[in-house]
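Visitor: Structure file work-v2.cif (mmCIF, C-alpha atoms) right here:
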data_work
#
loop_
_atom_site.group_PDB
_atom_site.id
_atom_site.type_symbol
_atom_site.label_atom_id
_atom_site.label_comp_id
_atom_site.auth_asym_id
_atom_site.auth_seq_id
_atom_site.Cartn_x
_atom_site.Cartn_y
_atom_site.Cartn_z
ATOM 1 C CA MET A 1 307.025 195.985 212.952
ATOM 2 C CA LEU A 2 305.657 196.521 209.464
ATOM 3 C CA LEU A 3 302.295 197.567 210.872
ATOM 4 C CA LEU A 4 303.980 200.166 213.074
ATOM 5 C CA VAL A 5 305.885 201.640 210.121
ATOM 6 C CA LEU A 6 302.780 201.673 207.925
ATOM 7 C CA SER A 7 300.621 203.305 210.569
ATOM 8 C CA ALA A 8 303.269 205.964 211.256
ATOM 9 C CA THR A 9 303.562 206.620 207.513
ATOM 10 C CA LEU A 10 299.792 206.970 207.190
ATOM 11 C CA VAL A 11 299.620 209.383 210.116
ATOM 12 C CA VAL A 12 302.441 211.560 208.777
ATOM 13 C CA GLY A 13 301.063 211.399 205.233
ATOM 14 C CA GLY A 14 297.566 212.317 206.386
ATOM 15 C CA ALA A 15 298.847 215.237 208.407
ATOM 16 C CA ALA A 16 300.936 216.478 205.474
ATOM 17 C CA TYR A 17 297.955 216.174 203.125
ATOM 18 C CA ARG A 18 295.663 218.114 205.476
ATOM 19 C CA PHE A 19 298.297 220.808 205.985
ATOM 20 C CA SER A 20 298.883 221.152 202.224
ATOM 21 C CA PHE A 21 295.165 221.200 201.470
ATOM 22 C CA ASN A 22 294.542 223.895 204.082
ATOM 23 C CA GLU A 23 297.441 226.003 202.797
ATOM 24 C CA PHE A 24 296.163 225.825 199.206
ATOM 25 C CA LYS A 25 292.659 226.658 200.393
ATOM 26 C CA ASN A 26 293.853 229.636 202.421
ATOM 27 C CA ASN A 27 295.938 230.907 199.497
ATOM 28 C CA ARG A 28 292.943 230.669 197.157
ATOM 29 C CA ILE A 29 290.777 232.567 199.627
ATOM 30 C CA ARG A 30 293.448 235.257 199.983
ATOM 31 C CA ILE A 31 293.823 235.613 196.205
ATOM 32 C CA VAL A 32 290.065 235.852 195.675
ATOM 33 C CA GLY A 33 289.914 238.551 198.352
ATOM 34 C CA GLN A 34 292.715 240.498 196.674
ATOM 35 C CA VAL A 35 290.982 240.297 193.290
ATOM 36 C CA ALA A 36 287.703 241.441 194.839
ATOM 37 C CA ASN A 37 289.457 244.407 196.453
ATOM 38 C CA MET A 38 291.095 245.379 193.152
ATOM 39 C CA ARG A 39 287.781 245.171 191.303
ATOM 40 C CA HIS A 40 286.086 247.217 194.006
ATOM 41 C CA GLN A 41 288.790 249.874 193.725
ATOM 42 C CA GLN A 42 288.383 249.947 189.926
ATOM 43 C CA LEU A 43 284.630 250.357 190.329
ATOM 44 C CA VAL A 44 285.062 253.221 192.792
ATOM 45 C CA THR A 45 287.511 254.937 190.431
ATOM 46 C CA THR A 46 285.138 254.536 187.482
ATOM 47 C CA LEU A 47 282.176 255.819 189.460
ATOM 48 C CA LYS A 48 284.144 258.849 190.665
ATOM 49 C CA ALA A 49 285.218 259.632 187.091
ATOM 50 C CA ASN A 50 281.622 259.329 185.890
ATOM 51 C CA GLN A 51 280.439 261.554 188.724
ATOM 52 C CA GLN A 52 283.031 264.180 187.796
ATOM 53 C CA ARG A 53 282.038 264.030 184.120
ATOM 54 C CA LEU A 54 278.377 264.465 185.066
ATOM 55 C CA GLN A 55 279.162 267.425 187.311
ATOM 56 C CA ASP A 56 281.265 269.032 184.563
ATOM 57 C CA PHE A 57 278.444 268.480 182.087
ATOM 58 C CA LEU A 58 275.869 270.021 184.405
ATOM 59 C CA VAL A 59 278.067 273.032 185.206
ATOM 60 C CA ASN A 60 278.932 273.619 181.548
ATOM 61 C CA GLY A 61 275.333 273.048 180.499
ATOM 62 C CA LEU A 62 273.999 275.508 183.080
ATOM 63 C CA THR A 63 276.530 278.219 182.306
ATOM 64 C CA ALA A 64 276.114 277.867 178.531
ATOM 65 C CA THR A 65 272.378 278.698 178.632
#
So, in terms of structure tokens, how does the structure I just supplied come out?

Guide:
Amino acid sequence: MLLLVLSATLVVGGAAYRFSFNEFKNNRIRIVGQVANMRHQQLVTTLKANQQRLQDFLVNGLTAT
């Protein structure tokens, strides 16, 4: 009887551990993806601002001469 209870406990515990581990892993992957997307968006915004500044500089530089 004790062996049956112990084996059932081990099976349930193992399944719960695997489920928890997979959930934590999936959450970490999702968070890393979100951070990467935010950083990518910041980079695009910075590059667009730099491009606009360069264009303004070139236009103002060409019209000033």

Visitor: Quick one: distance from CA of Ala49 in chain A to CA of Arg30 in chain A in Å, one decimal?

Guide: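 Calculated distance between CA of Ala49 in chain A and CA of Arg30 in chain A is 28.8 Å.
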
Visitor: For a test of reading the model, state the distance in Å between CA of Gly61 in chain A and CA of Thr46 in chain A, rounded to one decimal.

Guide: 22.1 Å

Visitor: When you draw a straight line from CA of Asn37 in chain A to CA of Arg18 in chain A, how long is it in Å?

Guide: 28.5 Å

Visitor: Given the block above, output range 11-22 of chain A with C-alpha atoms as a PDB file, in the first residue's frame.

Guide:
ATOM      1  CA  VAL A  11       4.231  10.584 -10.605  1.00  0.00           C
ATOM      2  CA  VAL A  12       2.077  13.567  -9.627  1.00  0.00           C
ATOM      3  CA  GLY A  13       5.080  15.455  -8.250  1.00  0.00           C
ATOM      4  CA  GLY A  14       7.122  14.801 -11.382  1.00  0.00           C
ATOM      5  CA  ALA A  15       4.306  15.938 -13.625  1.00  0.00           C
ATOM      6  CA  ALA A  16       3.808  19.101 -11.561  1.00  0.00           C
ATOM      7  CA  TYR A  17       7.541  19.842 -11.657  1.00  0.00           C
ATOM      8  CA  ARG A  18       7.724  19.407 -15.441  1.00  0.00           C
ATOM      9  CA  PHE A  19       4.638  21.571 -15.940  1.00  0.00           C
ATOM     10  CA  SER A  20       6.020  24.321 -13.675  1.00  0.00           C
ATOM     11  CA  PHE A  21       9.444  24.186 -15.303  1.00  0.00           C
ATOM     12  CA  ASN A  22       7.938  24.445 -18.786  1.00  0.00           C
TER      13      ASN A  22
END
